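Q: Below you'll find coords04.tsv; it's TSV, N, CA and C atoms.
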```tsv
chain	number	residue	atom	x	y	z
A	278	MET	N	5.15	32.77	-10.11
A	278	MET	CA	4.83	33.74	-9.10
A	278	MET	C	3.81	33.19	-8.11
A	279	SER	N	2.84	32.42	-8.59
A	279	SER	CA	1.83	31.87	-7.69
A	279	SER	C	2.45	30.88	-6.71
A	280	GLU	N	3.54	30.21	-7.10
A	280	GLU	CA	4.22	29.29	-6.20
A	280	GLU	C	4.82	30.06	-5.02
A	281	GLY	N	5.36	31.24	-5.30
A	281	GLY	CA	5.92	32.07	-4.24
A	281	GLY	C	4.85	32.57	-3.29
A	282	ILE	N	3.69	32.94	-3.84
A	282	ILE	CA	2.58	33.39	-3.01
A	282	ILE	C	2.08	32.24	-2.14
A	283	HIS	N	1.97	31.04	-2.75
A	283	HIS	CA	1.51	29.87	-2.01
A	283	HIS	C	2.47	29.54	-0.87
A	284	THR	N	3.77	29.61	-1.13
A	284	THR	CA	4.77	29.32	-0.10
A	284	THR	C	4.71	30.34	1.01
A	285	SER	N	4.56	31.62	0.65
A	285	SER	CA	4.50	32.66	1.68
A	285	SER	C	3.23	32.53	2.51
A	286	LEU	N	2.12	32.11	1.90
A	286	LEU	CA	0.89	31.90	2.66
A	286	LEU	C	1.05	30.77	3.66
A	287	GLN	N	1.74	29.70	3.25
A	287	GLN	CA	1.96	28.60	4.18
A	287	GLN	C	2.82	29.04	5.36
A	288	GLN	N	3.82	29.84	5.09
A	288	GLN	CA	4.68	30.30	6.17
A	288	GLN	C	3.95	31.26	7.10
A	289	GLU	N	3.07	32.10	6.55
A	289	GLU	CA	2.32	33.03	7.39
A	289	GLU	C	1.35	32.30	8.30
A	290	GLN	N	0.70	31.26	7.79
A	290	GLN	CA	-0.29	30.53	8.57
A	290	GLN	C	0.36	29.45	9.43
A	291	GLY	N	1.67	29.29	9.34
A	291	GLY	CA	2.34	28.27	10.13
A	291	GLY	C	2.13	26.89	9.56
A	292	GLY	N	1.72	26.79	8.30
A	292	GLY	CA	1.48	25.50	7.68
A	292	GLY	C	2.76	24.84	7.21
A	293	VAL	N	2.68	23.55	7.08
A	293	VAL	CA	3.80	22.74	6.60
A	293	VAL	C	3.33	22.05	5.33
A	294	SER	N	4.24	21.91	4.38
A	294	SER	CA	3.86	21.25	3.14
A	294	SER	C	3.53	19.78	3.41
A	295	PHE	N	2.91	19.14	2.43
A	295	PHE	CA	2.46	17.76	2.57
A	295	PHE	C	3.61	16.83	2.93
A	296	LEU	N	4.68	16.88	2.16
A	296	LEU	CA	5.83	16.00	2.43
A	296	LEU	C	6.71	16.51	3.56
A	297	GLY	N	6.51	17.75	3.97
A	297	GLY	CA	7.25	18.29	5.09
A	297	GLY	C	6.67	17.90	6.44
A	298	ASN	N	5.47	17.39	6.45
A	298	ASN	CA	4.80	16.98	7.68
A	298	ASN	C	5.38	15.65	8.15
A	299	ALA	N	5.74	15.56	9.42
A	299	ALA	CA	6.37	14.36	9.97
A	299	ALA	C	5.44	13.15	9.94
A	300	PHE	N	4.16	13.36	10.27
A	300	PHE	CA	3.21	12.25	10.24
A	300	PHE	C	3.07	11.68	8.82
A	301	VAL	N	2.91	12.55	7.87
A	301	VAL	CA	2.75	12.13	6.48
A	301	VAL	C	3.99	11.38	6.02
A	302	ARG	N	5.15	11.93	6.31
A	302	ARG	CA	6.41	11.28	5.93
A	302	ARG	C	6.52	9.89	6.54
A	303	ASN	N	6.21	9.76	7.82
A	303	ASN	CA	6.29	8.44	8.48
A	303	ASN	C	5.29	7.45	7.89
A	304	PHE	N	4.08	7.90	7.63
A	304	PHE	CA	3.09	7.03	7.02
A	304	PHE	C	3.52	6.59	5.63
A	305	LEU	N	4.06	7.51	4.84
A	305	LEU	CA	4.50	7.16	3.48
A	305	LEU	C	5.70	6.23	3.50
A	306	ILE	N	6.63	6.43	4.42
A	306	ILE	CA	7.80	5.54	4.51
A	306	ILE	C	7.36	4.14	4.92
A	307	SER	N	6.49	4.04	5.91
A	307	SER	CA	6.04	2.71	6.34
A	307	SER	C	5.22	2.03	5.24
A	308	SER	N	4.42	2.78	4.51
A	308	SER	CA	3.67	2.19	3.40
A	308	SER	C	4.61	1.72	2.31
A	309	GLY	N	5.63	2.50	2.01
A	309	GLY	CA	6.61	2.10	1.01
A	309	GLY	C	7.36	0.84	1.40
A	310	VAL	N	7.70	0.74	2.68
A	310	VAL	CA	8.38	-0.47	3.17
A	310	VAL	C	7.46	-1.68	3.04
A	311	LEU	N	6.20	-1.54	3.42
A	311	LEU	CA	5.26	-2.66	3.32
A	311	LEU	C	5.05	-3.08	1.87
A	312	LEU	N	4.96	-2.12	0.96
A	312	LEU	CA	4.82	-2.45	-0.46
A	312	LEU	C	6.05	-3.19	-0.97
A	313	CYS	N	7.23	-2.71	-0.61
A	313	CYS	CA	8.47	-3.36	-1.06
A	313	CYS	C	8.60	-4.77	-0.48
A	314	VAL	N	8.21	-4.95	0.76
A	314	VAL	CA	8.27	-6.28	1.37
A	314	VAL	C	7.33	-7.24	0.64
A	315	GLY	N	6.11	-6.80	0.38
A	315	GLY	CA	5.15	-7.65	-0.32
A	315	GLY	C	5.62	-8.03	-1.71
A	316	TRP	N	6.08	-7.02	-2.49
A	316	TRP	CA	6.57	-7.31	-3.84
A	316	TRP	C	7.82	-8.18	-3.79
A	317	GLY	N	8.71	-7.89	-2.85
A	317	GLY	CA	9.95	-8.66	-2.75
A	317	GLY	C	9.70	-10.14	-2.45
A	318	ILE	N	8.79	-10.40	-1.53
A	318	ILE	CA	8.46	-11.79	-1.19
A	318	ILE	C	7.90	-12.51	-2.40
A	319	LEU	N	6.97	-11.88	-3.08
A	319	LEU	CA	6.36	-12.53	-4.25
A	319	LEU	C	7.37	-12.73	-5.37
A	320	LEU	N	8.18	-11.73	-5.65
A	320	LEU	CA	9.15	-11.85	-6.74
A	320	LEU	C	10.20	-12.91	-6.45
A	321	TYR	N	10.55	-13.07	-5.19
A	321	TYR	CA	11.57	-14.05	-4.83
A	321	TYR	C	11.02	-15.48	-4.86
A	322	PHE	N	9.81	-15.68	-4.36
A	322	PHE	CA	9.30	-17.04	-4.20
A	322	PHE	C	8.39	-17.53	-5.32
A	323	ILE	N	7.67	-16.65	-5.99
A	323	ILE	CA	6.72	-17.08	-7.02
A	323	ILE	C	7.34	-16.84	-8.39
A	324	GLN	N	7.64	-17.91	-9.08
A	324	GLN	CA	8.26	-17.84	-10.40
A	324	GLN	C	7.28	-18.39	-11.44
A	325	SER	N	7.58	-18.13	-12.69
A	325	SER	CA	6.76	-18.64	-13.78
A	325	SER	C	6.83	-20.17	-13.82
A	326	ARG	N	5.67	-20.80	-13.90
A	326	ARG	CA	5.61	-22.27	-13.97
A	326	ARG	C	4.35	-22.72	-14.67
A	327	GLU	N	4.37	-23.95	-15.11
A	327	GLU	CA	3.23	-24.53	-15.84
A	327	GLU	C	2.13	-25.00	-14.90
A	328	THR	N	2.50	-25.54	-13.76
A	328	THR	CA	1.52	-26.11	-12.84
A	328	THR	C	0.83	-25.00	-12.06
A	329	PRO	N	-0.43	-25.22	-11.68
A	329	PRO	CA	-1.14	-24.20	-10.89
A	329	PRO	C	-0.54	-24.09	-9.49
A	330	ILE	N	-0.70	-22.93	-8.90
A	330	ILE	CA	-0.23	-22.71	-7.53
A	330	ILE	C	-1.43	-22.51	-6.61
A	331	ILE	N	-1.18	-22.66	-5.32
A	331	ILE	CA	-2.23	-22.47	-4.31
A	331	ILE	C	-2.39	-20.97	-4.06
A	332	LEU	N	-3.58	-20.46	-4.25
A	332	LEU	CA	-3.86	-19.05	-4.03
A	332	LEU	C	-4.60	-18.79	-2.72
A	333	HIS	N	-5.26	-19.82	-2.19
A	333	HIS	CA	-5.97	-19.65	-0.92
A	333	HIS	C	-6.02	-20.98	-0.19
A	334	TYR	N	-5.78	-20.91	1.10
A	334	TYR	CA	-5.83	-22.10	1.95
A	334	TYR	C	-6.76	-21.79	3.12
A	335	ASN	N	-7.69	-22.70	3.37
A	335	ASN	CA	-8.65	-22.55	4.45
A	335	ASN	C	-8.34	-23.62	5.49
A	336	VAL	N	-8.35	-23.26	6.75
A	336	VAL	CA	-8.01	-24.21	7.81
A	336	VAL	C	-9.01	-25.36	7.86
A	337	TYR	N	-10.26	-25.10	7.60
A	337	TYR	CA	-11.29	-26.12	7.69
A	337	TYR	C	-11.34	-27.02	6.47
A	338	PHE	N	-11.16	-26.46	5.28
A	338	PHE	CA	-11.33	-27.23	4.05
A	338	PHE	C	-10.04	-27.48	3.29
A	339	GLY	N	-8.95	-26.90	3.72
A	339	GLY	CA	-7.68	-27.07	3.02
A	339	GLY	C	-7.59	-26.12	1.83
A	340	VAL	N	-6.97	-26.58	0.77
A	340	VAL	CA	-6.80	-25.75	-0.42
A	340	VAL	C	-8.15	-25.59	-1.10
A	341	ASP	N	-8.57	-24.34	-1.30
A	341	ASP	CA	-9.85	-24.13	-1.96
A	341	ASP	C	-9.75	-23.19	-3.17
A	342	LEU	N	-8.53	-22.78	-3.55
A	342	LEU	CA	-8.38	-21.95	-4.74
A	342	LEU	C	-7.00	-22.17	-5.35
A	343	LEU	N	-7.01	-22.64	-6.58
A	343	LEU	CA	-5.79	-22.80	-7.36
A	343	LEU	C	-5.83	-21.84	-8.53
A	344	GLY	N	-4.65	-21.47	-9.04
A	344	GLY	CA	-4.62	-20.57	-10.18
A	344	GLY	C	-3.25	-20.52	-10.81
A	345	ALA	N	-3.15	-19.71	-11.85
A	345	ALA	CA	-1.87	-19.52	-12.54
A	345	ALA	C	-0.92	-18.71	-11.65
A	346	TRP	N	0.37	-18.82	-11.93
A	346	TRP	CA	1.38	-18.16	-11.11
A	346	TRP	C	1.21	-16.64	-11.08
A	347	TRP	N	0.78	-16.06	-12.19
A	347	TRP	CA	0.67	-14.61	-12.26
A	347	TRP	C	-0.48	-14.07	-11.42
A	348	GLN	N	-1.43	-14.91	-11.07
A	348	GLN	CA	-2.56	-14.46	-10.27
A	348	GLN	C	-2.15	-14.14	-8.83
A	349	ALA	N	-1.02	-14.66	-8.40
A	349	ALA	CA	-0.53	-14.34	-7.06
A	349	ALA	C	-0.14	-12.86	-6.96
A	350	TYR	N	0.20	-12.26	-8.09
A	350	TYR	CA	0.61	-10.86	-8.11
A	350	TYR	C	-0.57	-9.89	-8.17
A	351	LEU	N	-1.76	-10.37	-8.41
A	351	LEU	CA	-2.91	-9.47	-8.53
A	351	LEU	C	-3.21	-8.71	-7.24
A	352	LEU	N	-3.16	-9.40	-6.12
A	352	LEU	CA	-3.46	-8.75	-4.84
A	352	LEU	C	-2.46	-7.63	-4.55
A	353	GLN	N	-1.19	-7.89	-4.80
A	353	GLN	CA	-0.17	-6.87	-4.57
A	353	GLN	C	-0.32	-5.71	-5.57
A	354	GLY	N	-0.73	-6.01	-6.79
A	354	GLY	CA	-0.96	-4.96	-7.77
A	354	GLY	C	-2.12	-4.06	-7.39
A	355	VAL	N	-3.19	-4.65	-6.90
A	355	VAL	CA	-4.34	-3.86	-6.45
A	355	VAL	C	-3.94	-3.02	-5.23
A	356	ALA	N	-3.12	-3.57	-4.35
A	356	ALA	CA	-2.66	-2.82	-3.19
A	356	ALA	C	-1.80	-1.63	-3.61
A	357	THR	N	-0.98	-1.80	-4.63
A	357	THR	CA	-0.17	-0.68	-5.13
A	357	THR	C	-1.05	0.41	-5.73
A	358	LEU	N	-2.05	0.01	-6.49
A	358	LEU	CA	-3.00	0.97	-7.06
A	358	LEU	C	-3.75	1.70	-5.94
A	359	LEU	N	-4.17	0.98	-4.93
A	359	LEU	CA	-4.85	1.58	-3.78
A	359	LEU	C	-3.93	2.58	-3.07
A	360	PHE	N	-2.67	2.22	-2.92
A	360	PHE	CA	-1.70	3.11	-2.29
A	360	PHE	C	-1.59	4.42	-3.06
A	361	VAL	N	-1.47	4.34	-4.36
A	361	VAL	CA	-1.34	5.55	-5.19
A	361	VAL	C	-2.61	6.41	-5.07
A	362	CYS	N	-3.77	5.78	-5.15
A	362	CYS	CA	-5.03	6.53	-5.03
A	362	CYS	C	-5.15	7.20	-3.66
A	363	HIS	N	-4.78	6.49	-2.61
A	363	HIS	CA	-4.88	7.06	-1.26
A	363	HIS	C	-3.91	8.21	-1.06
A	364	VAL	N	-2.73	8.12	-1.63
A	364	VAL	CA	-1.76	9.21	-1.50
A	364	VAL	C	-2.27	10.45	-2.24
A	365	VAL	N	-2.83	10.26	-3.42
A	365	VAL	CA	-3.37	11.40	-4.17
A	365	VAL	C	-4.54	12.03	-3.40
A	366	LEU	N	-5.45	11.22	-2.90
A	366	LEU	CA	-6.58	11.75	-2.12
A	366	LEU	C	-6.11	12.42	-0.83
A	367	SER	N	-5.13	11.80	-0.19
A	367	SER	CA	-4.62	12.37	1.05
A	367	SER	C	-3.98	13.72	0.81
A	368	ARG	N	-3.24	13.85	-0.27
A	368	ARG	CA	-2.63	15.15	-0.58
A	368	ARG	C	-3.72	16.19	-0.90
A	369	PHE	N	-4.76	15.76	-1.61
A	369	PHE	CA	-5.88	16.66	-1.90
A	369	PHE	C	-6.51	17.17	-0.61
A	370	PHE	N	-6.80	16.25	0.32
A	370	PHE	CA	-7.41	16.65	1.60
A	370	PHE	C	-6.47	17.56	2.39
A	371	TYR	N	-5.19	17.23	2.37
A	371	TYR	CA	-4.21	18.02	3.11
A	371	TYR	C	-4.15	19.44	2.58
A	372	GLN	N	-4.16	19.59	1.28
A	372	GLN	CA	-4.08	20.92	0.68
A	372	GLN	C	-5.36	21.74	0.89
A	373	HIS	N	-6.45	21.05	1.16
A	373	HIS	CA	-7.72	21.75	1.42
A	373	HIS	C	-8.01	21.81	2.91
A	374	ASN	N	-6.96	21.84	3.71
A	374	ASN	CA	-7.02	22.04	5.16
A	374	ASN	C	-7.87	21.02	5.90
A	375	ASP	N	-7.85	19.79	5.45
A	375	ASP	CA	-8.51	18.70	6.17
A	375	ASP	C	-7.44	17.66	6.51
A	376	ARG	N	-6.56	18.04	7.41
A	376	ARG	CA	-5.41	17.19	7.72
A	376	ARG	C	-5.83	15.90	8.42
A	377	PHE	N	-6.85	15.96	9.23
A	377	PHE	CA	-7.28	14.76	9.94
A	377	PHE	C	-7.71	13.67	8.96
A	378	ALA	N	-8.47	14.03	7.93
A	378	ALA	CA	-8.88	13.06	6.91
A	378	ALA	C	-7.66	12.51	6.18
A	379	SER	N	-6.69	13.36	5.94
A	379	SER	CA	-5.46	12.93	5.28
A	379	SER	C	-4.73	11.89	6.14
A	380	TYR	N	-4.61	12.15	7.42
A	380	TYR	CA	-3.93	11.22	8.32
A	380	TYR	C	-4.67	9.89	8.41
A	381	ILE	N	-5.99	9.95	8.53
A	381	ILE	CA	-6.79	8.72	8.63
A	381	ILE	C	-6.66	7.89	7.36
A	382	LEU	N	-6.66	8.54	6.22
A	382	LEU	CA	-6.52	7.84	4.95
A	382	LEU	C	-5.16	7.15	4.85
A	383	LEU	N	-4.11	7.84	5.25
A	383	LEU	CA	-2.77	7.24	5.21
A	383	LEU	C	-2.63	6.11	6.24
A	384	LEU	N	-3.24	6.26	7.39
A	384	LEU	CA	-3.20	5.20	8.40
A	384	LEU	C	-3.94	3.96	7.91
A	385	ALA	N	-5.10	4.17	7.30
A	385	ALA	CA	-5.86	3.04	6.74
A	385	ALA	C	-5.06	2.34	5.65
A	386	THR	N	-4.33	3.11	4.87
A	386	THR	CA	-3.48	2.51	3.83
A	386	THR	C	-2.43	1.60	4.45
A	387	ASN	N	-1.86	2.03	5.56
A	387	ASN	CA	-0.86	1.18	6.23
A	387	ASN	C	-1.47	-0.12	6.73
A	388	PHE	N	-2.67	-0.05	7.28
A	388	PHE	CA	-3.33	-1.27	7.75
A	388	PHE	C	-3.62	-2.23	6.59
A	389	VAL	N	-4.11	-1.69	5.49
A	389	VAL	CA	-4.42	-2.52	4.32
A	389	VAL	C	-3.14	-3.14	3.77
A	390	LEU	N	-2.09	-2.36	3.65
A	390	LEU	CA	-0.83	-2.87	3.10
A	390	LEU	C	-0.19	-3.90	4.02
A	391	PHE	N	-0.38	-3.75	5.32
A	391	PHE	CA	0.12	-4.76	6.26
A	391	PHE	C	-0.60	-6.09	6.03
A	392	GLY	N	-1.92	-6.03	5.87
A	392	GLY	CA	-2.68	-7.26	5.60
A	392	GLY	C	-2.31	-7.89	4.27
A	393	VAL	N	-2.09	-7.07	3.26
A	393	VAL	CA	-1.70	-7.60	1.94
A	393	VAL	C	-0.30	-8.21	2.00
A	394	ALA	N	0.61	-7.61	2.76
A	394	ALA	CA	1.95	-8.18	2.91
A	394	ALA	C	1.88	-9.55	3.59
A	395	ILE	N	1.01	-9.69	4.58
A	395	ILE	CA	0.84	-10.99	5.24
A	395	ILE	C	0.23	-12.00	4.26
A	396	ALA	N	-0.76	-11.58	3.49
A	396	ALA	CA	-1.38	-12.48	2.51
A	396	ALA	C	-0.38	-12.89	1.44
A	397	SER	N	0.45	-11.96	0.97
A	397	SER	CA	1.47	-12.29	-0.02
A	397	SER	C	2.50	-13.26	0.54
A	398	ALA	N	2.88	-13.04	1.79
A	398	ALA	CA	3.82	-13.97	2.43
A	398	ALA	C	3.19	-15.35	2.58
A	399	SER	N	1.92	-15.41	2.90
A	399	SER	CA	1.24	-16.71	3.03
A	399	SER	C	1.19	-17.43	1.70
A	400	ILE	N	0.86	-16.73	0.64
A	400	ILE	CA	0.82	-17.35	-0.69
A	400	ILE	C	2.21	-17.86	-1.07
A	401	ALA	N	3.22	-17.04	-0.79
A	401	ALA	CA	4.58	-17.43	-1.17
A	401	ALA	C	5.04	-18.65	-0.39
A	402	PHE	N	4.82	-18.67	0.90
A	402	PHE	CA	5.32	-19.76	1.73
A	402	PHE	C	4.52	-21.04	1.57
A	403	ILE	N	3.26	-20.96	1.24
A	403	ILE	CA	2.47	-22.17	0.97
A	403	ILE	C	2.97	-22.85	-0.29
A	404	ASN	N	3.39	-22.07	-1.26
A	404	ASN	CA	3.84	-22.63	-2.54
A	404	ASN	C	5.33	-22.89	-2.60
A	405	TYR	N	6.05	-22.65	-1.54
A	405	TYR	CA	7.50	-22.83	-1.57
A	405	TYR	C	7.89	-24.28	-1.44
```
Output the file's structure as structure tokens, nothing else.
A:
Amino acid sequence: MSEGIHTSLQQEQGGVSFLGNAFVRNFLISSGVLLCVGWGILLYFIQSRETPIILHYNVYFGVDLLGAWWQAYLLQGVATLLFVCHVVLSRFFYQHNDRFASYILLLATNFVLFGVAIASASIAFINY
């Protein structure tokens, strides 16, 4: 019954649900695409191996960080965890009528995921 009351309150106030909002949907779709691109690049190019791989390359000093193959996945894993936390927080803010904070949080998530996708692509292509 409370779900019906909540839905009727949203309709009376002209509110849209979290996933019904066009901005939220677009931000979530673009974040999902960036996550899939990052994971896809790493899964395709970084395979299990005995030798260490290059994890960081500096233009001035060259290779400055080597590590095991699985360490390449840590950055993408942290980005996925960050994405989940930001979506939960964004939904919380949205439901408490702070839509601007929700939008800013989702936009920041897209920027972070874009940077992580570039970093994942760099790691993959350096080791290819």
Q: As an exercise, work out the distance from atom CA of A:Gln353 to atom CA of A:Ile400 in Å and give it to one decimal place.
A: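 According to the coordinates, atom CA of A:Gln353 and atom CA of A:Ile400 are separated by 11.2 Å.
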Q: Which one of A:Tyr380, A:Tyr334, A:Phe322, A:Tyr371 sits closest to A:Phe300 if you count only C-alpha atoms?
A: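 Checking each of A:Tyr380, A:Tyr334, A:Phe322, A:Tyr371 against A:Phe300, counting only C-alpha atoms, the winner is A:Tyr380.
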Q: Return as a PyMOL selection string the full set of residues in chain A whose backbone-based DSSP assignment is alpha helix (DSSP H).
A: chain A and resi 279-290+299-322+349-372+376-403
Q: Quick one: pull the distance between atom CA of A:Ser307 and atom CA of A:Asn387, Å, one decimal.
A: 7.1 Å
Q: Could you state the separation of atom C of A:Val301 and atom CA of A:Leu384 in Å, given to one decimal place?
A: 9.8 Å
Q: Do you know which residues are at most 7 Å from stretch 361-366 of chain A counting only C-alpha atoms, after dropping those on the same chain fewer than 3 positions away, and could you put them as a list in words?
A: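 The filter keeps Thr357, Leu358, Phe369, Phe370, Leu382, Leu383 and Thr386 of chain A.
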Q: Taking only stretch 319-384 of chain A into account, list the residues labelled strand (DSSP E or B) by DSSP (computed from the backbone), as a list in words.
A: Ile330, Ile331, Leu332, His333, Tyr334, Asn335, Gly339, Val340, Asp341, Leu342, Leu343 and Gly344 of chain A
Q: Let me make sure I understand: among A:Val293, A:Leu312, A:Val389, A:Ala345, which one has the smallest atom-to-atom distance to A:Thr328 if we use only C-alpha atoms?
A: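 When distances to A:Thr328 are compared using only C-alpha atoms, the smallest one comes from A:Ala345.
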Q: A:Val314, A:Ala356, A:Leu296, A:Ala401: which is nearest A:Arg368, counting only C-alpha atoms?
A: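 Of A:Val314, A:Ala356, A:Leu296, A:Ala401, the one nearest A:Arg368, counting only C-alpha atoms, is A:Leu296.
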